[in-house]
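The structure file start-v7.cif is reproduced below (mmCIF, C-alpha atoms and all ligand atoms).
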```
data_run
loop_
_atom_site.label_atom_id
_atom_site.label_comp_id
_atom_site.auth_asym_id
_atom_site.auth_seq_id
_atom_site.Cartn_x
_atom_site.Cartn_y
_atom_site.Cartn_z
CA MET A 1038 6.59 -2.46 -23.15
CA ALA A 1039 4.44 -4.48 -20.75
CA GLU A 1040 0.78 -3.54 -20.27
CA VAL A 1041 -0.50 -3.57 -16.70
CA PRO A 1042 -4.24 -4.26 -16.40
CA SER A 1043 -6.30 -1.67 -14.58
CA LEU A 1044 -8.64 -2.00 -11.64
CA THR A 1045 -11.56 0.39 -11.28
CA LEU A 1046 -11.88 2.37 -8.06
CA LYS A 1047 -15.57 2.75 -7.35
CA SER A 1048 -15.46 5.74 -5.01
CA PRO A 1049 -16.05 8.63 -5.57
CA SER A 1050 -16.39 7.87 -9.29
CA HIS A 1051 -14.91 5.27 -11.57
CA ILE A 1052 -11.14 5.83 -11.74
CA ALA A 1053 -8.70 3.40 -13.34
CA MET A 1054 -5.77 2.28 -11.20
CA PRO A 1055 -3.06 -0.01 -12.63
CA ALA A 1056 -3.13 -3.25 -10.64
CA LEU A 1057 0.63 -3.30 -10.08
CA GLY A 1058 2.34 -0.31 -8.54
CA PHE A 1059 5.93 0.77 -7.97
CA GLY A 1060 6.54 0.84 -4.22
CA SER A 1061 8.98 3.19 -2.53
CA GLY A 1062 8.61 2.40 1.12
CA THR A 1063 12.34 2.23 1.69
CA ARG A 1064 14.55 5.27 1.93
CA SER A 1065 17.43 5.11 -0.44
CA ASP A 1066 19.72 7.35 -2.39
CA SER A 1067 17.45 9.93 -4.11
CA GLN A 1068 19.17 9.51 -7.45
CA GLU A 1069 18.70 5.73 -7.25
CA ILE A 1070 14.97 6.21 -6.66
CA SER A 1071 14.54 8.79 -9.47
CA ASP A 1072 16.46 6.55 -11.87
CA ALA A 1073 14.31 3.59 -10.86
CA VAL A 1074 11.15 5.65 -11.53
CA VAL A 1075 12.32 6.52 -15.04
CA CYS A 1076 13.33 2.91 -15.65
CA ALA A 1077 9.94 1.72 -14.37
CA ILE A 1078 8.10 4.10 -16.70
CA LYS A 1079 10.12 2.84 -19.66
CA LEU A 1080 9.18 -0.72 -18.67
CA GLY A 1081 5.47 0.11 -18.45
CA TYR A 1082 4.76 1.09 -14.82
CA ARG A 1083 2.25 3.92 -14.42
CA HIS A 1084 1.27 3.51 -10.76
CA PHE A 1085 3.65 4.99 -8.16
CA ASP A 1086 3.20 4.69 -4.42
CA THR A 1087 4.85 6.84 -1.79
CA ALA A 1088 4.09 8.41 1.60
CA SER A 1089 5.15 11.46 3.54
CA VAL A 1090 6.81 9.30 6.19
CA TYR A 1091 8.90 7.36 3.64
CA GLY A 1092 10.91 10.45 2.72
CA THR A 1093 10.76 9.38 -0.93
CA GLU A 1094 8.20 11.85 -2.32
CA ALA A 1095 10.76 14.32 -3.69
CA ALA A 1096 12.81 11.60 -5.39
CA ILE A 1097 9.69 10.01 -6.89
CA GLY A 1098 8.53 13.44 -8.08
CA ALA A 1099 11.93 14.14 -9.65
CA GLY A 1100 11.78 10.82 -11.55
CA LEU A 1101 8.23 11.48 -12.72
CA ALA A 1102 9.17 15.01 -13.86
CA GLN A 1103 12.17 13.67 -15.74
CA ALA A 1104 10.00 11.09 -17.51
CA MET A 1105 7.33 13.66 -18.37
CA ASP A 1106 9.94 16.17 -19.61
CA ALA A 1107 11.41 13.45 -21.83
CA GLY A 1108 7.94 12.81 -23.30
CA LEU A 1109 7.81 9.22 -21.99
CA VAL A 1110 4.50 9.77 -20.26
CA THR A 1111 1.92 12.47 -19.51
CA ARG A 1112 0.47 13.30 -16.11
CA PRO A 1113 -2.99 11.85 -16.90
CA GLN A 1114 -1.33 8.52 -17.77
CA LEU A 1115 0.18 8.30 -14.27
CA PHE A 1116 -1.45 7.14 -11.06
CA VAL A 1117 0.28 8.59 -7.99
CA THR A 1118 -0.55 7.69 -4.37
CA SER A 1119 0.71 9.30 -1.19
CA LYS A 1120 -0.30 8.96 2.45
CA LEU A 1121 -1.12 11.14 5.43
CA HIS A 1122 1.50 10.74 8.13
CA SER A 1123 0.16 9.83 11.56
CA ASP A 1124 1.38 13.16 12.98
CA MET A 1125 -0.70 15.23 10.52
CA HIS A 1126 -4.28 14.21 11.33
CA ASP A 1127 -5.03 17.76 12.56
CA ASP A 1128 -3.98 19.35 9.27
CA VAL A 1129 -4.89 17.05 6.41
CA LEU A 1130 -5.00 19.86 3.83
CA GLY A 1131 -1.58 21.14 4.93
CA ALA A 1132 -0.21 17.60 4.73
CA VAL A 1133 -1.51 16.89 1.23
CA LYS A 1134 -0.19 20.24 0.00
CA THR A 1135 3.25 19.41 1.39
CA SER A 1136 3.16 16.02 -0.33
CA LEU A 1137 2.14 17.69 -3.61
CA SER A 1138 4.91 20.23 -3.23
CA ASN A 1139 7.45 17.44 -2.59
CA LEU A 1140 6.17 15.52 -5.60
CA LYS A 1141 5.90 18.69 -7.73
CA LEU A 1142 2.38 17.67 -8.75
CA ASP A 1143 -0.93 19.56 -8.75
CA TYR A 1144 -3.01 16.60 -7.61
CA LEU A 1145 -2.69 13.05 -6.31
CA ASP A 1146 -4.66 10.21 -7.83
CA LEU A 1147 -5.07 8.65 -4.40
CA TYR A 1148 -4.48 9.96 -0.89
CA LEU A 1149 -4.60 7.50 2.01
CA ILE A 1150 -4.70 7.78 5.80
CA HIS A 1151 -1.46 5.91 6.46
CA ALA A 1152 -2.60 4.16 9.65
CA PRO A 1153 -5.36 4.32 12.27
CA LEU A 1154 -2.89 5.94 14.63
CA LYS A 1155 -2.27 9.50 15.72
CA ILE A 1156 1.07 10.60 17.08
CA ARG A 1157 2.51 13.87 18.29
CA ARG A 1158 4.38 15.92 15.70
CA THR A 1159 8.09 15.43 16.22
CA ASN A 1160 11.11 14.27 14.36
CA TYR A 1161 11.00 10.50 14.42
CA ALA A 1162 14.23 8.69 13.91
CA SER A 1163 12.46 5.43 14.70
CA PHE A 1164 9.13 4.39 16.18
CA PRO A 1165 7.21 6.88 18.34
CA ALA A 1166 7.85 6.94 22.06
CA GLU A 1167 5.32 6.17 24.80
CA GLU A 1168 4.07 9.70 25.22
CA ASP A 1169 3.74 10.40 21.51
CA PHE A 1170 0.43 8.58 20.97
CA LEU A 1171 -2.73 10.72 20.96
CA PRO A 1172 -6.42 9.86 20.71
CA LEU A 1173 -7.52 9.65 17.09
CA ASP A 1174 -10.61 11.52 15.88
CA LEU A 1175 -11.17 9.46 12.77
CA ARG A 1176 -14.31 11.38 11.82
CA GLY A 1177 -12.41 14.70 11.78
CA THR A 1178 -9.53 13.21 9.81
CA TRP A 1179 -11.89 11.74 7.22
CA GLN A 1180 -13.61 15.13 6.83
CA GLY A 1181 -10.16 16.53 6.01
CA MET A 1182 -9.66 13.75 3.47
CA GLU A 1183 -13.07 14.54 1.92
CA GLU A 1184 -12.00 18.19 1.71
CA CYS A 1185 -8.91 17.11 -0.30
CA LEU A 1186 -11.28 15.49 -2.76
CA GLN A 1187 -13.55 18.53 -2.93
CA GLN A 1188 -10.60 20.85 -3.55
CA GLY A 1189 -9.31 18.62 -6.36
CA LEU A 1190 -6.08 17.85 -4.47
CA ALA A 1191 -6.79 14.11 -4.78
CA ARG A 1192 -8.97 12.21 -7.25
CA ALA A 1193 -9.71 9.46 -4.73
CA ILE A 1194 -9.22 9.00 -0.98
CA GLY A 1195 -8.78 5.91 1.12
CA VAL A 1196 -7.09 4.30 4.08
CA SER A 1197 -4.24 1.95 4.88
CA ASN A 1198 -3.87 -0.67 7.61
CA PHE A 1199 -7.56 -0.55 8.55
CA SER A 1200 -9.41 -3.56 9.96
CA VAL A 1201 -13.05 -4.30 9.05
CA LYS A 1202 -14.12 -2.78 12.38
CA LYS A 1203 -12.22 0.46 11.73
CA LEU A 1204 -13.65 0.72 8.22
CA GLN A 1205 -17.13 0.28 9.68
CA ASP A 1206 -16.46 3.00 12.27
CA LEU A 1207 -15.19 5.35 9.59
CA MET A 1208 -18.10 4.69 7.24
CA GLU A 1209 -20.66 5.49 9.91
CA HIS A 1210 -19.99 9.18 9.35
CA ALA A 1211 -18.34 9.25 5.93
CA LYS A 1212 -19.91 11.09 3.00
CA VAL A 1213 -17.43 9.39 0.68
CA ILE A 1214 -16.67 5.66 0.97
CA PRO A 1215 -12.89 4.95 1.02
CA ALA A 1216 -11.76 3.96 -2.48
CA VAL A 1217 -8.90 1.77 -1.22
CA ASN A 1218 -7.63 -0.02 1.86
CA GLN A 1219 -3.93 -0.71 1.43
CA VAL A 1220 -2.81 -3.47 3.79
CA GLU A 1221 -0.08 -6.02 4.29
CA LEU A 1222 -1.26 -9.02 2.29
CA HIS A 1223 0.63 -12.03 0.98
CA PRO A 1224 0.33 -15.81 1.04
CA VAL A 1225 1.14 -16.04 4.76
CA TRP A 1226 -1.30 -13.28 5.75
CA GLN A 1227 -4.18 -13.43 3.31
CA GLN A 1228 -6.67 -11.05 5.00
CA ARG A 1229 -9.71 -13.08 3.90
CA LYS A 1230 -12.25 -11.40 6.19
CA LEU A 1231 -11.06 -7.96 5.13
CA ARG A 1232 -11.09 -8.92 1.45
CA ASP A 1233 -14.68 -10.15 1.69
CA PHE A 1234 -15.84 -7.07 3.55
CA CYS A 1235 -14.10 -4.64 1.20
CA SER A 1236 -15.43 -6.46 -1.82
CA SER A 1237 -18.99 -6.20 -0.47
CA MET A 1238 -18.51 -2.45 0.11
CA GLY A 1239 -16.79 -1.65 -3.18
CA ILE A 1240 -13.49 -0.83 -1.43
CA GLN A 1241 -10.44 -1.87 -3.44
CA VAL A 1242 -7.86 -3.83 -1.43
CA VAL A 1243 -4.25 -3.20 -2.37
CA ALA A 1244 -1.45 -5.37 -0.98
CA TRP A 1245 1.69 -3.84 0.48
CA SER A 1246 4.78 -5.99 1.02
CA PRO A 1247 3.20 -8.73 -1.14
CA LEU A 1248 6.59 -10.44 -1.33
CA GLY A 1249 7.25 -10.28 2.41
CA GLY A 1250 9.03 -6.96 2.72
CA LEU A 1251 12.64 -8.12 2.39
CA GLY A 1252 15.01 -5.36 3.40
CA LYS A 1253 12.48 -3.83 5.80
CA PRO A 1254 12.56 -4.22 9.58
CA TRP A 1255 9.62 -6.65 9.42
CA GLY A 1256 10.79 -8.41 6.27
CA SER A 1257 10.68 -12.18 6.11
CA ARG A 1258 11.75 -14.79 3.59
CA SER A 1259 8.81 -16.92 4.74
CA VAL A 1260 6.73 -15.52 1.88
CA LEU A 1261 9.03 -16.07 -1.12
CA ASP A 1262 10.38 -19.30 0.38
CA ASN A 1263 6.98 -20.79 1.15
CA PRO A 1264 7.02 -24.40 -0.14
CA VAL A 1265 3.70 -24.05 -2.02
CA VAL A 1266 4.93 -20.86 -3.73
CA GLN A 1267 8.22 -22.58 -4.58
CA GLU A 1268 6.45 -25.65 -5.94
CA LEU A 1269 4.20 -23.53 -8.17
CA ALA A 1270 7.18 -21.50 -9.37
CA SER A 1271 8.80 -24.72 -10.64
CA LYS A 1272 5.53 -25.96 -12.15
CA TYR A 1273 4.82 -22.74 -14.09
CA GLN A 1274 8.48 -21.94 -14.79
CA LYS A 1275 7.97 -18.59 -13.12
CA THR A 1276 9.70 -16.95 -10.15
CA PRO A 1277 8.12 -17.09 -6.66
CA ALA A 1278 7.48 -13.34 -6.92
CA GLN A 1279 5.57 -13.81 -10.18
CA ILE A 1280 3.45 -16.60 -8.65
CA ILE A 1281 2.52 -14.39 -5.69
CA LEU A 1282 1.75 -11.34 -7.81
CA ARG A 1283 -0.36 -13.41 -10.19
CA TRP A 1284 -2.30 -14.85 -7.26
CA ILE A 1285 -2.98 -11.36 -5.89
CA THR A 1286 -4.05 -9.86 -9.21
CA THR A 1287 -6.19 -12.91 -10.06
CA LEU A 1288 -8.09 -12.21 -6.84
CA GLY A 1289 -8.87 -8.75 -8.26
CA LEU A 1290 -6.55 -7.02 -5.79
CA GLY A 1291 -3.83 -4.46 -6.42
CA ALA A 1292 -0.20 -4.91 -5.37
CA ILE A 1293 2.55 -2.44 -4.55
CA VAL A 1294 6.00 -3.98 -4.89
CA LYS A 1295 9.14 -2.20 -3.90
CA SER A 1296 12.08 -2.75 -6.18
CA TYR A 1297 14.63 -0.29 -7.50
CA ASN A 1298 16.33 -3.06 -9.46
CA PRO A 1299 15.67 -2.97 -13.24
CA ASP A 1300 15.62 -6.77 -13.64
CA ARG A 1301 13.20 -7.29 -10.78
CA LEU A 1302 11.05 -4.35 -11.93
CA ALA A 1303 10.77 -6.09 -15.31
CA GLN A 1304 10.26 -9.52 -13.76
CA ASN A 1305 7.37 -8.30 -11.62
CA LEU A 1306 5.64 -6.81 -14.67
CA GLN A 1307 5.88 -10.19 -16.36
CA SER A 1308 3.43 -11.66 -13.90
CA PHE A 1309 0.40 -11.04 -16.10
CA ASP A 1310 1.30 -13.31 -19.02
CA PHE A 1311 0.16 -16.60 -17.46
CA SER A 1312 -2.78 -17.96 -15.46
CA LEU A 1313 -2.83 -20.02 -12.29
CA SER A 1314 -5.30 -22.93 -12.38
CA GLU A 1315 -8.23 -22.96 -9.94
CA GLN A 1316 -6.57 -25.83 -8.11
CA ASP A 1317 -3.31 -23.94 -7.71
CA LEU A 1318 -5.09 -20.79 -6.57
CA ALA A 1319 -6.82 -22.96 -3.94
CA LYS A 1320 -3.44 -24.39 -2.93
CA ILE A 1321 -2.16 -20.89 -2.21
CA GLU A 1322 -5.35 -20.07 -0.31
CA SER A 1323 -4.72 -23.10 1.89
CA ILE A 1324 -1.31 -21.87 3.10
CA ALA A 1325 -1.40 -21.61 6.88
CA PRO A 1326 -1.32 -18.04 8.25
CA GLN A 1327 1.65 -16.86 10.25
CA GLU A 1328 1.61 -13.85 12.50
CA ARG A 1329 3.90 -11.18 11.13
CA LEU A 1330 4.40 -7.47 11.48
CA ALA A 1331 7.00 -6.98 14.19
CA LYS A 1332 6.50 -3.29 13.44
CA TRP A 1333 2.96 -3.30 14.83
CA LYS A 1334 4.23 -5.01 17.95
CA GLU A 1335 6.53 -2.07 18.58
CA LEU A 1336 3.77 0.48 17.91
CA CYS A 1337 1.53 -1.30 20.37
CA ASN A 1338 4.23 -1.69 22.98
CA SER A 1339 3.41 1.61 24.64
CA THR A 1340 1.29 2.60 27.60
CA THR A 1341 -0.20 5.57 25.73
CA SER A 1342 -0.89 3.74 22.48
CA PRO A 1343 -4.62 3.18 22.02
CA TYR A 1344 -3.75 -0.40 21.08
CA LYS A 1345 -1.97 -2.68 23.50
CA SER A 1346 -1.30 -5.46 21.03
CA PRO A 1347 -1.38 -6.07 17.28
CA HIS A 1348 -4.61 -8.02 17.93
CA GLU A 1349 -6.23 -4.90 19.36
CA LEU A 1350 -4.98 -2.78 16.48
CA TRP A 1351 -6.50 -5.28 14.07
CA ASP A 1352 -9.64 -5.74 16.19
CA GLY A 1353 -8.96 -9.46 16.58
CA GLU A 1354 -8.91 -9.91 12.81
CA LEU A 1355 -5.31 -11.13 12.59
P1 LIG A 1401 15.10 -5.04 -4.61
O1 LIG A 1401 14.69 -3.61 -4.39
O2 LIG A 1401 16.58 -5.25 -4.44
O3 LIG A 1401 14.55 -5.60 -5.89
P2 LIG A 1401 7.88 -5.99 -0.75
O4 LIG A 1401 7.40 -5.19 -1.91
O5 LIG A 1401 7.15 -7.24 -0.46
O6 LIG A 1401 8.01 -5.12 0.49
O7 LIG A 1401 9.33 -6.53 -1.10
C1 LIG A 1401 10.37 -5.67 -1.34
C2 LIG A 1401 11.65 -6.44 -1.35
O8 LIG A 1401 11.56 -7.55 -2.27
C3 LIG A 1401 12.77 -5.58 -1.78
O9 LIG A 1401 13.84 -5.89 -0.94
C4 LIG A 1401 13.06 -6.01 -3.20
O10 LIG A 1401 14.45 -5.93 -3.44
C5 LIG A 1401 12.60 -7.44 -3.22
N1 LIG A 1401 12.03 -7.83 -4.50
C6 LIG A 1401 11.27 -7.11 -5.35
N2 LIG A 1401 10.92 -7.82 -6.42
C7 LIG A 1401 11.48 -9.05 -6.26
C8 LIG A 1401 11.49 -10.25 -7.01
N3 LIG A 1401 10.87 -10.32 -8.19
N4 LIG A 1401 12.16 -11.30 -6.51
C9 LIG A 1401 12.80 -11.24 -5.33
N5 LIG A 1401 12.84 -10.14 -4.56
C10 LIG A 1401 12.18 -9.06 -5.02
#
```
Rewrite the coordinates I just gave you, this time as structure tokens.
Ligand code: A2P
Amino acid sequence: MAEVPSLTLKSPSHIAMPALGFGSGTRSDSQEISDAVVCAIKLGYRHFDTASVYGTEAAIGAGLAQAMDAGLVTRPQLFVTSKLHSDMHDDVLGAVKTSLSNLKLDYLDLYLIHAPLKIRRTNYASFPAEEDFLPLDLRGTWQGMEECLQQGLARAIGVSNFSVKKLQDLMEHAKVIPAVNQVELHPVWQQRKLRDFCSSMGIQVVAWSPLGGLGKPWGSRSVLDNPVVQELASKYQKTPAQIILRWITTLGLGAIVKSYNPDRLAQNLQSFDFSLSEQDLAKIESIAPQERLAKWKELCNSTTSPYKSPHELWDGEL
């Protein structure tokens, strides 16, 4: 069974988080997800990432329960993350309790604000409509997150999709520094400014869609097919995915990769058994950025959205 190295979350106290996590940001057949969770645990995964809006919490919870019932793993050996949906900022405690009930767990290891966006509560089949965006009281939301911590409903709290500017705004009033900022990060969007800022503040950066999000509306082959990544894959006799994951974890970052496929789950775990040379790490760092995230374009394409463009959402840090 493969061993995944741990990162240490600094806030609120030192908590170990496996650097590579099982991602579940794509709805799928519940049984397929639960089976993939059990398979992942057998392979060595201990870190599981979900979110209220993904609709995968119950299936992840069923897989975790099955693995625990079978004696494969105990709850303290697991690291489970979920996220506050953008329509639940007014009731953070209610939202975390619903997530826990879906997951059939007593506590989360990490609870994140999913995005710096607030939308009206409704049944979204797709992206929110014009009139669904509301002003976000980040201070109030973060107080709710801090309450989750105090009540023992989460061991650590953090954010997702936050720019440096938004982290600074949040920290002005925060009693607890966010443990994590989970953001899109991969060789064609490397988030250097954010990485430097988070590192100076003791905030752990975790990459979502590190492989480019294939199968998702914003997915692109430009990440796995990048010529530098391909060249290094041949040089090291590794797959492009393994090169990317090794780059991310060598930087001291976490990565959440979605795969329900046993071979790819195993392949991604085998990204810790080699090292990239300094020169090759620098080669990856020199890959030219490309603007991505069609999803953010849609969220910003609204007269009532507080952000009129992805650049505004990211405070010019794209
Ligand atoms: P699958 O679930 O069929 O394995 P990301 O985590 O960047 O959003 O990427 C998720 C996508 O990448 C999924 O479609 C997943 O497909 C695919 N994927 C996961 N691991 C690998 C890998 N090692 N090589 C190629 N594609 C992968």
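CA of Met1054 (chain A) is found 23.3 Å from atom N5 of ligand LIG 1401 (chain A).
Nearest residue to Asp1300 (chain A), choosing from A:Leu1080, A:Ser1067, A:Asp1206, A:Gly1060 and counting all atoms listed in the file: A:Leu1080.
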Show me, as JSON, the centre and edge lengths in Å to one decimal of the axis-aligned box that covers every listed atom of region 1043-1052 of chain A with 3 Å on each side.
```
{"center_x": -11.3, "center_y": 3.3, "center_z": -9.8, "size_x": 16.1, "size_y": 16.6, "size_z": 15.6}
```
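Residues surrounding Thr1093 (chain A) within 12 Å are A:Gly1060, A:Ser1061, A:Gly1062, A:Thr1063, A:Arg1064, A:Ser1065, A:Asp1066, A:Ser1067, A:Gln1068, A:Glu1069, A:Ile1070, A:Ser1071, A:Val1074, A:Phe1085, A:Asp1086, A:Thr1087, A:Ala1088, A:Gly1098, A:Ala1099, A:Gly1100, A:Thr1118, A:Ser1119, A:Lys1120, A:Ser1136, A:Asn1139, A:Leu1140 [only C-alpha atoms; sequence separation below 5 positions excluded].
Considering all atoms listed in the file, the residue among A:Gln1205, A:Ser1197, A:Asn1305, A:Gln1188 positioned nearest to ligand LIG 1401 (chain A) is A:Asn1305.
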Do a neighbour search on Thr1287 (chain A) at 10 Å with all atoms listed in the file, toss out local chain neighbours closer than 4 positions, and write the hits as a PDB file with C-alpha atoms, keeping the file's coordinate frame.
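Output below, filename around.pdb:
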```
ATOM      1  CA  ILE A1281       2.520 -14.390  -5.690  1.00  0.00           C
ATOM      2  CA  LEU A1282       1.750 -11.340  -7.810  1.00  0.00           C
ATOM      3  CA  ARG A1283      -0.360 -13.410 -10.190  1.00  0.00           C
ATOM      4  CA  GLY A1291      -3.830  -4.460  -6.420  1.00  0.00           C
ATOM      5  CA  PHE A1309       0.400 -11.040 -16.100  1.00  0.00           C
ATOM      6  CA  SER A1312      -2.780 -17.960 -15.460  1.00  0.00           C
ATOM      7  CA  LEU A1313      -2.830 -20.020 -12.290  1.00  0.00           C
ATOM      8  CA  LEU A1318      -5.090 -20.790  -6.570  1.00  0.00           C
TER       9      LEU A1318
END
```
Top pick for closest residue to Gly1081 (chain A), considering A:Cys1235, A:Val1201, A:Ala1303, A:Ala1278 and counting all atoms listed in the file
A:Ala1303
Distance limit 9 Å, reference ligand LIG 1401 (chain A), atoms considered: all atoms listed in the file. Which residues make the cut? Give them as a ChimeraX atom specification.
/A:1059-1063,1221,1223,1244-1253,1256-1257,1260-1261,1276-1279,1292-1305
If you count all atoms listed in the file, the residue of A:Leu1190, A:Cys1076, A:Ala1152, A:Leu1057 closest to Thr1286 (chain A) turns out to be A:Leu1057
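Considering all atoms listed in the file, the residue among A:Ile1194, A:Ser1200, A:Val1090, A:Gln1228 positioned nearest to Arg1158 (chain A) is A:Val1090.
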Using all atoms listed in the file, can you tell me which of A:Lys1345, A:Lys1272, A:Lys1155, A:Lys1203 comes closest to His1126 (chain A)?
A:Lys1155
Given the point (-8.0, 2.2, -12.6) in the file's coordinates, find the residues that have an atom at most 9 Å from it, counting only C-alpha atoms, and give them as an mmCIF file with C-alpha atoms, keeping the file's coordinate frame.
```cif
data_model
loop_
_atom_site.group_PDB
_atom_site.id
_atom_site.type_symbol
_atom_site.label_atom_id
_atom_site.label_comp_id
_atom_site.auth_asym_id
_atom_site.auth_seq_id
_atom_site.Cartn_x
_atom_site.Cartn_y
_atom_site.Cartn_z
ATOM 1 C CA PRO A 1042 -4.240 -4.260 -16.400
ATOM 2 C CA SER A 1043 -6.300 -1.670 -14.580
ATOM 3 C CA LEU A 1044 -8.640 -2.000 -11.640
ATOM 4 C CA THR A 1045 -11.560 0.390 -11.280
ATOM 5 C CA LEU A 1046 -11.880 2.370 -8.060
ATOM 6 C CA HIS A 1051 -14.910 5.270 -11.570
ATOM 7 C CA ILE A 1052 -11.140 5.830 -11.740
ATOM 8 C CA ALA A 1053 -8.700 3.400 -13.340
ATOM 9 C CA MET A 1054 -5.770 2.280 -11.200
ATOM 10 C CA PRO A 1055 -3.060 -0.010 -12.630
ATOM 11 C CA ALA A 1056 -3.130 -3.250 -10.640
ATOM 12 C CA PHE A 1116 -1.450 7.140 -11.060
#
```
Around the point (-6.1, -11.2, 14.0) in the file's coordinates, collect all residues with an atom within 10 Å, using all atoms listed in the file, and return them as a PyMOL selection string.
chain A and resi 1200+1226+1228+1230+1328+1347-1355
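Of note, CA of Lys1141 (chain A) and CA of Ala1102 (chain A) are spaced 7.9 Å apart.
Atom pair CA of Ala1191 (chain A) / CA of Ile1214 (chain A) has a distance of 14.2 Å (rounded to one decimal).
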